[in-house]
>>> print(open('model_12.pdb').read())   # PDB, C-alpha atoms
ATOM      1  CA  MET I   1      79.353  97.601 130.389
ATOM      2  CA  ILE I   2      77.658  99.930 132.866
ATOM      3  CA  HIS I   3      78.316  98.628 136.340
ATOM      4  CA  LEU I   4      75.289  97.803 138.413
ATOM      5  CA  LEU I   5      74.350  95.918 141.566
ATOM      6  CA  LEU I   6      76.829  94.132 143.745
ATOM      7  CA  LEU I   7      80.407  95.330 143.588
ATOM      8  CA  LEU I   8      82.309  92.073 143.900
ATOM      9  CA  ALA I   9      85.677  93.688 144.528
ATOM     10  CA  LEU I  10      88.165  96.380 143.813
ATOM     11  CA  ALA I  11      90.365  93.355 143.609
ATOM     12  CA  ALA I  12      94.071  92.739 143.871
ATOM     13  CA  PRO I  13      95.477  92.397 140.320
ATOM     14  CA  GLY I  14      95.682  88.572 140.413
ATOM     15  CA  ASP I  15      92.164  88.306 141.802
ATOM     16  CA  LEU I  16      90.874  90.847 139.282
ATOM     17  CA  ALA I  17      92.469  88.873 136.442
ATOM     18  CA  SER I  18      90.817  85.622 137.528
ATOM     19  CA  GLN I  19      87.428  87.316 137.973
ATOM     20  CA  VAL I  20      87.551  88.872 134.500
ATOM     21  CA  LYS I  21      88.801  85.644 132.922
ATOM     22  CA  ALA I  22      85.896  83.758 134.514
ATOM     23  CA  ARG I  23      83.483  86.197 132.838
ATOM     24  CA  LEU I  24      84.936  86.061 129.329
ATOM     25  CA  HIS I  25      83.377  83.721 126.783
ATOM     26  CA  GLU I  26      85.984  81.201 125.655
ATOM     27  CA  ALA I  27      85.874  80.918 121.888
ATOM     28  CA  GLN I  28      88.291  79.937 119.163
ATOM     29  CA  VAL I  29      86.965  82.698 116.887
ATOM     30  CA  ILE I  30      85.225  85.950 117.813
ATOM     31  CA  SER I  31      83.949  88.227 115.086
ATOM     32  CA  GLY I  32      81.823  91.336 114.984
ATOM     33  CA  THR I  33      81.776  95.010 114.168
ATOM     34  CA  PHE I  34      83.737  97.949 115.527
ATOM     35  CA  GLU I  35      83.466 101.696 115.685
ATOM     36  CA  GLN I  36      86.567 103.726 116.358
ATOM     37  CA  GLY I  37      86.898 107.375 117.208
ATOM     38  CA  LYS I  38      90.236 109.116 117.608
ATOM     39  CA  GLN I  39      90.201 112.495 119.282
ATOM     40  CA  VAL I  40      93.292 114.364 118.142
ATOM     41  CA  LYS I  41      94.416 117.277 120.264
ATOM     42  CA  GLY I  42      93.525 120.531 118.503
ATOM     43  CA  PHE I  43      90.655 119.041 116.457
ATOM     44  CA  LYS I  44      87.050 119.621 117.517
ATOM     45  CA  ARG I  45      85.636 116.382 116.112
ATOM     46  CA  PRO I  46      87.041 112.873 116.406
ATOM     47  CA  LEU I  47      88.303 110.993 113.361
ATOM     48  CA  LYS I  48      85.860 108.100 112.915
ATOM     49  CA  SER I  49      86.100 104.714 111.290
ATOM     50  CA  SER I  50      84.076 101.521 111.386
ATOM     51  CA  GLY I  51      84.155  98.003 110.049
ATOM     52  CA  THR I  52      84.403  94.353 110.982
ATOM     53  CA  TYR I  53      86.920  92.286 112.909
ATOM     54  CA  THR I  54      87.781  88.652 113.518
ATOM     55  CA  VAL I  55      89.992  87.428 116.359
ATOM     56  CA  THR I  56      91.193  83.841 115.939
ATOM     57  CA  LYS I  57      92.778  82.402 119.073
ATOM     58  CA  GLY I  58      96.416  81.504 118.503
ATOM     59  CA  GLU I  59      96.413  82.926 114.964
ATOM     60  CA  GLY I  60      95.683  86.627 114.850
ATOM     61  CA  VAL I  61      93.376  89.543 114.256
ATOM     62  CA  GLN I  62      91.770  90.628 110.991
ATOM     63  CA  TRP I  63      90.645  94.292 111.149
ATOM     64  CA  ASN I  64      88.613  95.361 108.093
ATOM     65  CA  THR I  65      87.836  99.068 107.975
ATOM     66  CA  LEU I  66      84.836  99.788 105.751
ATOM     67  CA  LYS I  67      84.371 103.516 106.440
ATOM     68  CA  PRO I  68      85.612 106.147 105.732
ATOM     69  CA  PHE I  69      87.499 104.042 103.156
ATOM     70  CA  PRO I  70      88.181 100.315 102.851
ATOM     71  CA  SER I  71      91.405  98.954 104.294
ATOM     72  CA  GLU I  72      92.563  95.752 105.906
ATOM     73  CA  LEU I  73      94.943  95.202 108.814
ATOM     74  CA  THR I  74      96.139  91.694 109.603
ATOM     75  CA  VAL I  75      98.002  91.139 112.865
ATOM     76  CA  ARG I  76      99.713  87.807 113.531
ATOM     77  CA  ALA I  77     102.381  86.917 116.081
ATOM     78  CA  GLY I  78     105.117  87.270 113.471
ATOM     79  CA  ASP I  79     103.930  90.193 111.368
ATOM     80  CA  ILE I  80     101.557  93.089 110.792
ATOM     81  CA  THR I  81     100.249  93.735 107.269
ATOM     82  CA  SER I  82      98.157  96.638 105.979
ATOM     83  CA  LYS I  83      96.341  96.624 102.619
ATOM     84  CA  GLN I  84      94.116  98.987 100.699
ATOM     85  CA  GLY I  85      92.347  96.971  98.049
ATOM     86  CA  ASP I  86      94.888  94.630  96.476
ATOM     87  CA  LYS I  87      97.794  96.949  97.309
ATOM     88  CA  GLU I  88      99.975  96.173 100.311
ATOM     89  CA  VAL I  89     100.610  99.462 102.135
ATOM     90  CA  PHE I  90     103.131  98.052 104.585
ATOM     91  CA  LYS I  91     104.327  94.869 106.203
ATOM     92  CA  LEU I  92     106.253  94.738 109.471
ATOM     93  CA  ASP I  93     108.025  91.487 110.287
ATOM     94  CA  ALA I  94     109.008  90.468 113.825
ATOM     95  CA  LYS I  95     112.295  89.060 112.480
ATOM     96  CA  THR I  96     113.461  92.495 111.313
ATOM     97  CA  GLU I  97     111.364  94.676 113.686
ATOM     98  CA  PRO I  98     111.611  93.213 117.226
ATOM     99  CA  THR I  99     108.913  95.550 118.595
ATOM    100  CA  VAL I 100     106.336  93.899 116.297
ATOM    101  CA  ARG I 101     106.154  90.876 118.607
ATOM    102  CA  VAL I 102     105.477  93.114 121.644
ATOM    103  CA  ILE I 103     102.820  95.097 119.734
ATOM    104  CA  THR I 104     101.041  91.961 118.538
ATOM    105  CA  GLN I 105     101.107  90.379 122.020
ATOM    106  CA  LEU I 106      99.651  93.557 123.531
ATOM    107  CA  LEU I 107      96.905  93.743 120.893
ATOM    108  CA  PHE I 108      95.932  90.078 121.327
ATOM    109  CA  SER I 109      95.904  90.491 125.115
ATOM    110  CA  LEU I 110      93.813  93.687 124.972
ATOM    111  CA  LEU I 111      91.181  92.194 122.664
ATOM    112  CA  ALA I 112      91.059  89.014 124.743
ATOM    113  CA  GLY I 113      91.010  90.860 128.085
ATOM    114  CA  ASP I 114      93.980  88.716 129.128
ATOM    115  CA  LEU I 115      95.183  90.494 132.276
ATOM    116  CA  GLY I 116      97.747  87.797 132.998
ATOM    117  CA  ALA I 117      99.614  88.614 129.791
ATOM    118  CA  LEU I 118      99.057  92.363 130.215
ATOM    119  CA  SER I 119     100.476  92.351 133.771
ATOM    120  CA  GLU I 120     103.998  92.100 132.334
ATOM    121  CA  HIS I 121     103.619  95.572 130.809
ATOM    122  CA  PHE I 122     100.910  97.240 132.948
ATOM    123  CA  THR I 123      99.647  97.583 136.492
ATOM    124  CA  SER I 124      95.899  97.093 136.665
ATOM    125  CA  THR I 125      93.049  98.271 138.839
ATOM    126  CA  GLY I 126      89.386  97.751 138.312
ATOM    127  CA  GLU I 127      86.162  96.260 139.405
ATOM    128  CA  VAL I 128      83.857  93.404 138.573
ATOM    129  CA  THR I 129      80.118  93.765 139.057
ATOM    130  CA  ALA I 130      77.079  91.644 138.358
ATOM    131  CA  LYS I 131      76.718  93.318 134.932
ATOM    132  CA  GLY I 132      80.323  93.537 133.747
ATOM    133  CA  TRP I 133      83.867  94.608 134.468
ATOM    134  CA  HIS I 134      86.113  97.642 134.075
ATOM    135  CA  ILE I 135      89.915  97.648 134.085
ATOM    136  CA  GLU I 136      92.389 100.518 133.977
ATOM    137  CA  LEU I 137      95.908  99.672 132.835
ATOM    138  CA  THR I 138      98.858 101.921 133.633
ATOM    139  CA  PRO I 139     102.141 101.310 131.754
ATOM    140  CA  LYS I 140     105.138  99.969 133.683
ATOM    141  CA  SER I 141     107.885 100.232 131.059
ATOM    142  CA  ASP I 142     109.500 103.505 130.041
ATOM    143  CA  GLY I 143     108.761 102.791 126.366
ATOM    144  CA  LEU I 144     105.012 102.429 126.917
ATOM    145  CA  LYS I 145     104.976 105.376 129.353
ATOM    146  CA  LYS I 146     106.204 107.583 126.492
ATOM    147  CA  VAL I 147     103.092 106.690 124.468
ATOM    148  CA  PHE I 148     100.208 105.846 126.839
ATOM    149  CA  ALA I 149      98.944 107.507 129.995
ATOM    150  CA  ARG I 150      96.482 104.649 130.481
ATOM    151  CA  ILE I 151      94.378 102.064 128.690
ATOM    152  CA  THR I 152      90.870 101.257 129.869
ATOM    153  CA  LEU I 153      88.969  98.077 129.046
ATOM    154  CA  GLN I 154      85.295  97.364 129.682
ATOM    155  CA  GLY I 155      83.225  94.311 128.992
ATOM    156  CA  ASP I 156      80.963  91.526 130.080
ATOM    157  CA  ASP I 157      81.384  88.089 128.461
ATOM    158  CA  SER I 158      83.700  89.756 125.924
ATOM    159  CA  VAL I 159      85.686  92.956 125.591
ATOM    160  CA  ARG I 160      83.223  95.685 124.533
ATOM    161  CA  GLU I 161      85.319  98.845 124.781
ATOM    162  CA  VAL I 162      89.003  99.777 124.618
ATOM    163  CA  ARG I 163      90.040 103.372 125.388
ATOM    164  CA  LEU I 164      93.639 104.450 124.723
ATOM    165  CA  GLN I 165      94.694 107.681 126.432
ATOM    166  CA  GLU I 166      97.968 108.905 124.949
ATOM    167  CA  ILE I 167     100.563 111.121 126.641
ATOM    168  CA  SER I 168     100.145 113.582 123.748
ATOM    169  CA  GLY I 169      96.557 114.262 124.814
ATOM    170  CA  ASP I 170      95.099 112.259 121.917
ATOM    171  CA  SER I 171      92.672 109.461 122.761
ATOM    172  CA  THR I 172      91.093 106.566 120.904
ATOM    173  CA  LEU I 173      87.842 104.835 121.772
ATOM    174  CA  ILE I 174      87.135 101.471 120.128
ATOM    175  CA  THR I 175      83.679  99.994 120.655
ATOM    176  CA  LEU I 176      83.382  96.290 119.801
ATOM    177  CA  SER I 177      80.091  94.569 119.068
ATOM    178  CA  PRO I 178      80.734  90.831 118.956
ATOM    179  CA  ALA I 179      78.247  89.181 116.626
ATOM    180  CA  GLU I 180      79.511  85.642 116.697
ATOM    181  CA  ALA I 181      81.710  83.426 118.853
ATOM    182  CA  LYS I 182      82.718  79.913 117.812
TER     183      LYS I 182
END
>>> encode(input="model_12.pdb", output="structure tokens")
Amino acid sequence: MIHLLLLLALAAPGDLASQVKARLHEAQVISGTFEQGKQVKGFKRPLKSSGTYTVTKGEGVQWNTLKPFPSELTVRAGDITSKQGDKEVFKLDAKTEPTVRVITQLLFSLLAGDLGALSEHFTSTGEVTAKGWHIELTPKSDGLKKVFARITLQGDDSVREVRLQEISGDSTLITLSPAEAK
């Protein structure tokens, strides 16, 4: 993720998207581990969690938090479900909550590094180097501008880091360690 050697371009968004897409490993299923730290304004230390994830192309994301306590988040195009143990904490359905579809599309696009899909909601700048790529997304829509100042993605043959900078001053850093791609 650290950029080194030849800077290929501070590319135009379309060119940047094609360069990043060419770098990403195409797989039906990507799984691995994650570490997440959320820095909340007013707190000295970030809130930390870790676990495993599986992204299945065309189906969804399974996010299993193991620490600090077990929980499961399942994100599909039509719904988002959260469980703790056998107990369902919440379920949001795209049929009754129209924003669910937008949230799920954004999540899938972020984890896949799909700039084409993200360009509908964000302007992008970045660079591609011999070692990896870095993209900064700035929200276009008023709704997203109320939540995010920017989102930064970094990776190589897969997305390795997602940083969410919120308008509130809070920030979240998610580090992904893909273990397997099928």
>>> residues_around(input="model_12.pdb", residues="Leu153 of chain I", least_positions_apart="3", cutoff="12 Å", atoms="all atoms listed in the file", output="PDB file with C-alpha atoms, keeping the file's coordinate frame")
ATOM      1  CA  MET I   1      79.353  97.601 130.389  1.00  0.00           C
ATOM      2  CA  VAL I  20      87.551  88.872 134.500  1.00  0.00           C
ATOM      3  CA  SER I 109      95.904  90.491 125.115  1.00  0.00           C
ATOM      4  CA  LEU I 110      93.813  93.687 124.972  1.00  0.00           C
ATOM      5  CA  LEU I 111      91.181  92.194 122.664  1.00  0.00           C
ATOM      6  CA  ALA I 112      91.059  89.014 124.743  1.00  0.00           C
ATOM      7  CA  GLY I 113      91.010  90.860 128.085  1.00  0.00           C
ATOM      8  CA  ASP I 114      93.980  88.716 129.128  1.00  0.00           C
ATOM      9  CA  LEU I 115      95.183  90.494 132.276  1.00  0.00           C
ATOM     10  CA  LEU I 118      99.057  92.363 130.215  1.00  0.00           C
ATOM     11  CA  SER I 124      95.899  97.093 136.665  1.00  0.00           C
ATOM     12  CA  THR I 125      93.049  98.271 138.839  1.00  0.00           C
ATOM     13  CA  GLY I 126      89.386  97.751 138.312  1.00  0.00           C
ATOM     14  CA  GLU I 127      86.162  96.260 139.405  1.00  0.00           C
ATOM     15  CA  VAL I 128      83.857  93.404 138.573  1.00  0.00           C
ATOM     16  CA  GLY I 132      80.323  93.537 133.747  1.00  0.00           C
ATOM     17  CA  TRP I 133      83.867  94.608 134.468  1.00  0.00           C
ATOM     18  CA  HIS I 134      86.113  97.642 134.075  1.00  0.00           C
ATOM     19  CA  ILE I 135      89.915  97.648 134.085  1.00  0.00           C
ATOM     20  CA  GLU I 136      92.389 100.518 133.977  1.00  0.00           C
ATOM     21  CA  LEU I 137      95.908  99.672 132.835  1.00  0.00           C
ATOM     22  CA  THR I 138      98.858 101.921 133.633  1.00  0.00           C
ATOM     23  CA  ARG I 150      96.482 104.649 130.481  1.00  0.00           C
ATOM     24  CA  ASP I 156      80.963  91.526 130.080  1.00  0.00           C
ATOM     25  CA  SER I 158      83.700  89.756 125.924  1.00  0.00           C
ATOM     26  CA  VAL I 159      85.686  92.956 125.591  1.00  0.00           C
ATOM     27  CA  ARG I 160      83.223  95.685 124.533  1.00  0.00           C
ATOM     28  CA  GLU I 161      85.319  98.845 124.781  1.00  0.00           C
ATOM     29  CA  VAL I 162      89.003  99.777 124.618  1.00  0.00           C
ATOM     30  CA  ARG I 163      90.040 103.372 125.388  1.00  0.00           C
ATOM     31  CA  LEU I 164      93.639 104.450 124.723  1.00  0.00           C
ATOM     32  CA  GLN I 165      94.694 107.681 126.432  1.00  0.00           C
ATOM     33  CA  THR I 172      91.093 106.566 120.904  1.00  0.00           C
ATOM     34  CA  LEU I 173      87.842 104.835 121.772  1.00  0.00           C
ATOM     35  CA  ILE I 174      87.135 101.471 120.128  1.00  0.00           C
ATOM     36  CA  THR I 175      83.679  99.994 120.655  1.00  0.00           C
ATOM     37  CA  LEU I 176      83.382  96.290 119.801  1.00  0.00           C
TER      38      LEU I 176
END
>>> closest_residue(input="model_12.pdb", among="I:Glu26, I:Asp93, I:Glu35, I:Asp142", to="Ser177 of chain I", atoms="all atoms listed in the file")
I:Glu35
>>> residues_around(input="model_12.pdb", residues="Lys140 of chain I", least_positions_apart="3", cutoff="10 Å", atoms="all atoms listed in the file", output="list in words")
Ser119, Glu120, His121, Phe122, Thr123, Leu137, Gly143, Leu144 and Lys145 of chain I
>>> write_last_selection(input="model_12.pdb", atoms="C-alpha atoms", output="PDB file, in the frame of the given file")
ATOM      1  CA  SER I 119     100.476  92.351 133.771  1.00  0.00           C
ATOM      2  CA  GLU I 120     103.998  92.100 132.334  1.00  0.00           C
ATOM      3  CA  HIS I 121     103.619  95.572 130.809  1.00  0.00           C
ATOM      4  CA  PHE I 122     100.910  97.240 132.948  1.00  0.00           C
ATOM      5  CA  THR I 123      99.647  97.583 136.492  1.00  0.00           C
ATOM      6  CA  LEU I 137      95.908  99.672 132.835  1.00  0.00           C
ATOM      7  CA  GLY I 143     108.761 102.791 126.366  1.00  0.00           C
ATOM      8  CA  LEU I 144     105.012 102.429 126.917  1.00  0.00           C
ATOM      9  CA  LYS I 145     104.976 105.376 129.353  1.00  0.00           C
TER      10      LYS I 145
END
>>> atom_distance(input="model_12.pdb", atom1="atom CA of Pro68 of chain I", atom2="atom CA of Thr33 of chain I")
14.5 Å
>>> closest_residue(input="model_12.pdb", among="I:Thr129, I:Phe108, I:Ser141, I:Ala77", to="Ala94 of chain I", atoms="all atoms listed in the file")
I:Ala77
>>> atom_distance(input="model_12.pdb", atom1="atom CA of Gly85 of chain I", atom2="atom CA of Ile103 of chain I")
24.2 Å
>>> closest_residue(input="model_12.pdb", among="I:Gly37, I:Gly42, I:Gly51, I:Gly169", to="Phe148 of chain I", atoms="all atoms listed in the file")
I:Gly169
>>> atom_distance(input="model_12.pdb", atom1="atom CA of Val147 of chain I", atom2="atom CA of Glu166 of chain I")
5.6 Å
>>> axis_aligned_box(input="model_12.pdb", around="segment 30-41 of chain I", padding_each_side="5 Å", output="AutoDock Vina command-line options")
--center_x 88.1 --center_y 101.6 --center_z 117.2 --size_x 22.6 --size_y 41.3 --size_z 16.1
>>> closest_residue(input="model_12.pdb", among="I:Thr99, I:Gln84, I:Gln36, I:Thr152", to="Lys48 of chain I", atoms="only C-alpha atoms")
I:Gln36
>>> resolve_selection(input="model_12.pdb", expression="the PyMOL selection byres ((chain I and resi 53) around 8)", output="PyMOL selection string")
chain I and resi 31-34+51-52+54-55+61-64
>>> closest_residue(input="model_12.pdb", among="I:Leu107, I:Leu47, I:Leu66, I:Ala117", to="Lys21 of chain I", atoms="all atoms listed in the file")
I:Ala117
>>> decode(input="model_12.pdb", residues="segment 101-131 of chain I", atoms="N, CA and C atoms", output="PDB file, in the first residue's frame")
ATOM      1  N   ARG I 101     -30.591   0.057  -0.200  1.00  0.00           N
ATOM      2  CA  ARG I 101     -30.000  -0.309  -1.496  1.00  0.00           C
ATOM      3  C   ARG I 101     -28.776   0.564  -1.794  1.00  0.00           C
ATOM      4  N   VAL I 102     -28.853   1.854  -1.508  1.00  0.00           N
ATOM      5  CA  VAL I 102     -27.720   2.763  -1.735  1.00  0.00           C
ATOM      6  C   VAL I 102     -26.553   2.383  -0.826  1.00  0.00           C
ATOM      7  N   ILE I 103     -26.844   2.111   0.448  1.00  0.00           N
ATOM      8  CA  ILE I 103     -25.798   1.723   1.405  1.00  0.00           C
ATOM      9  C   ILE I 103     -25.108   0.439   0.956  1.00  0.00           C
ATOM     10  N   THR I 104     -25.890  -0.561   0.570  1.00  0.00           N
ATOM     11  CA  THR I 104     -25.283  -1.830   0.165  1.00  0.00           C
ATOM     12  C   THR I 104     -24.456  -1.667  -1.108  1.00  0.00           C
ATOM     13  N   GLN I 105     -24.943  -0.884  -2.066  1.00  0.00           N
ATOM     14  CA  GLN I 105     -24.168  -0.652  -3.298  1.00  0.00           C
ATOM     15  C   GLN I 105     -22.850   0.053  -2.983  1.00  0.00           C
ATOM     16  N   LEU I 106     -22.895   1.044  -2.099  1.00  0.00           N
ATOM     17  CA  LEU I 106     -21.665   1.744  -1.718  1.00  0.00           C
ATOM     18  C   LEU I 106     -20.679   0.801  -1.033  1.00  0.00           C
ATOM     19  N   LEU I 107     -21.161  -0.025  -0.113  1.00  0.00           N
ATOM     20  CA  LEU I 107     -20.294  -0.962   0.593  1.00  0.00           C
ATOM     21  C   LEU I 107     -19.655  -1.947  -0.376  1.00  0.00           C
ATOM     22  N   PHE I 108     -20.452  -2.546  -1.266  1.00  0.00           N
ATOM     23  CA  PHE I 108     -19.908  -3.494  -2.237  1.00  0.00           C
ATOM     24  C   PHE I 108     -18.855  -2.811  -3.103  1.00  0.00           C
ATOM     25  N   SER I 109     -19.144  -1.598  -3.550  1.00  0.00           N
ATOM     26  CA  SER I 109     -18.222  -0.864  -4.418  1.00  0.00           C
ATOM     27  C   SER I 109     -16.937  -0.499  -3.687  1.00  0.00           C
ATOM     28  N   LEU I 110     -17.039  -0.096  -2.419  1.00  0.00           N
ATOM     29  CA  LEU I 110     -15.844   0.236  -1.635  1.00  0.00           C
ATOM     30  C   LEU I 110     -14.949  -0.982  -1.453  1.00  0.00           C
ATOM     31  N   LEU I 111     -15.538  -2.109  -1.048  1.00  0.00           N
ATOM     32  CA  LEU I 111     -14.739  -3.308  -0.797  1.00  0.00           C
ATOM     33  C   LEU I 111     -14.164  -3.898  -2.078  1.00  0.00           C
ATOM     34  N   ALA I 112     -14.821  -3.635  -3.206  1.00  0.00           N
ATOM     35  CA  ALA I 112     -14.333  -4.130  -4.486  1.00  0.00           C
ATOM     36  C   ALA I 112     -13.432  -3.121  -5.186  1.00  0.00           C
ATOM     37  N   GLY I 113     -13.339  -1.892  -4.652  1.00  0.00           N
ATOM     38  CA  GLY I 113     -12.555  -0.854  -5.315  1.00  0.00           C
ATOM     39  C   GLY I 113     -13.144  -0.478  -6.663  1.00  0.00           C
ATOM     40  N   ASP I 114     -14.456  -0.587  -6.794  1.00  0.00           N
ATOM     41  CA  ASP I 114     -15.149  -0.329  -8.055  1.00  0.00           C
ATOM     42  C   ASP I 114     -15.415   1.170  -8.222  1.00  0.00           C
ATOM     43  N   LEU I 115     -14.452   1.868  -8.828  1.00  0.00           N
ATOM     44  CA  LEU I 115     -14.579   3.316  -9.007  1.00  0.00           C
ATOM     45  C   LEU I 115     -15.693   3.691  -9.967  1.00  0.00           C
ATOM     46  N   GLY I 116     -15.959   2.832 -10.934  1.00  0.00           N
ATOM     47  CA  GLY I 116     -17.046   3.107 -11.877  1.00  0.00           C
ATOM     48  C   GLY I 116     -18.363   3.283 -11.144  1.00  0.00           C
ATOM     49  N   ALA I 117     -18.662   2.348 -10.243  1.00  0.00           N
ATOM     50  CA  ALA I 117     -19.903   2.428  -9.466  1.00  0.00           C
ATOM     51  C   ALA I 117     -19.856   3.572  -8.463  1.00  0.00           C
ATOM     52  N   LEU I 118     -18.681   3.834  -7.887  1.00  0.00           N
ATOM     53  CA  LEU I 118     -18.552   4.899  -6.895  1.00  0.00           C
ATOM     54  C   LEU I 118     -18.647   6.292  -7.520  1.00  0.00           C
ATOM     55  N   SER I 119     -18.342   6.414  -8.814  1.00  0.00           N
ATOM     56  CA  SER I 119     -18.327   7.725  -9.468  1.00  0.00           C
ATOM     57  C   SER I 119     -19.705   8.384  -9.512  1.00  0.00           C
ATOM     58  N   GLU I 120     -20.758   7.603  -9.326  1.00  0.00           N
ATOM     59  CA  GLU I 120     -22.108   8.167  -9.272  1.00  0.00           C
ATOM     60  C   GLU I 120     -22.288   9.028  -8.017  1.00  0.00           C
ATOM     61  N   HIS I 121     -21.599   8.652  -6.941  1.00  0.00           N
ATOM     62  CA  HIS I 121     -21.783   9.312  -5.651  1.00  0.00           C
ATOM     63  C   HIS I 121     -20.582  10.136  -5.187  1.00  0.00           C
ATOM     64  N   PHE I 122     -19.402   9.937  -5.844  1.00  0.00           N
ATOM     65  CA  PHE I 122     -18.174  10.582  -5.395  1.00  0.00           C
ATOM     66  C   PHE I 122     -17.337  11.070  -6.579  1.00  0.00           C
ATOM     67  N   THR I 123     -16.578  12.136  -6.345  1.00  0.00           N
ATOM     68  CA  THR I 123     -15.503  12.486  -7.270  1.00  0.00           C
ATOM     69  C   THR I 123     -14.255  11.804  -6.717  1.00  0.00           C
ATOM     70  N   SER I 124     -13.356  11.412  -7.606  1.00  0.00           N
ATOM     71  CA  SER I 124     -12.184  10.673  -7.145  1.00  0.00           C
ATOM     72  C   SER I 124     -10.899  11.273  -7.683  1.00  0.00           C
ATOM     73  N   THR I 125      -9.882  11.233  -6.852  1.00  0.00           N
ATOM     74  CA  THR I 125      -8.524  11.585  -7.250  1.00  0.00           C
ATOM     75  C   THR I 125      -7.637  10.499  -6.680  1.00  0.00           C
ATOM     76  N   GLY I 126      -6.468  10.360  -7.238  1.00  0.00           N
ATOM     77  CA  GLY I 126      -5.579   9.350  -6.701  1.00  0.00           C
ATOM     78  C   GLY I 126      -4.389   9.116  -7.573  1.00  0.00           C
ATOM     79  N   GLU I 127      -3.713   8.036  -7.249  1.00  0.00           N
ATOM     80  CA  GLU I 127      -2.523   7.685  -8.003  1.00  0.00           C
ATOM     81  C   GLU I 127      -2.352   6.180  -8.016  1.00  0.00           C
ATOM     82  N   VAL I 128      -1.678   5.722  -9.054  1.00  0.00           N
ATOM     83  CA  VAL I 128      -1.336   4.317  -9.190  1.00  0.00           C
ATOM     84  C   VAL I 128       0.173   4.259  -9.362  1.00  0.00           C
ATOM     85  N   THR I 129       0.812   3.409  -8.565  1.00  0.00           N
ATOM     86  CA  THR I 129       2.259   3.258  -8.645  1.00  0.00           C
ATOM     87  C   THR I 129       2.589   1.799  -8.925  1.00  0.00           C
ATOM     88  N   ALA I 130       3.857   1.513  -9.020  1.00  0.00           N
ATOM     89  CA  ALA I 130       4.287   0.138  -9.261  1.00  0.00           C
ATOM     90  C   ALA I 130       3.898  -0.792  -8.106  1.00  0.00           C
ATOM     91  N   LYS I 131       3.784  -0.257  -6.903  1.00  0.00           N
ATOM     92  CA  LYS I 131       3.475  -1.071  -5.719  1.00  0.00           C
ATOM     93  C   LYS I 131       1.998  -1.122  -5.350  1.00  0.00           C
TER      94      LYS I 131
END
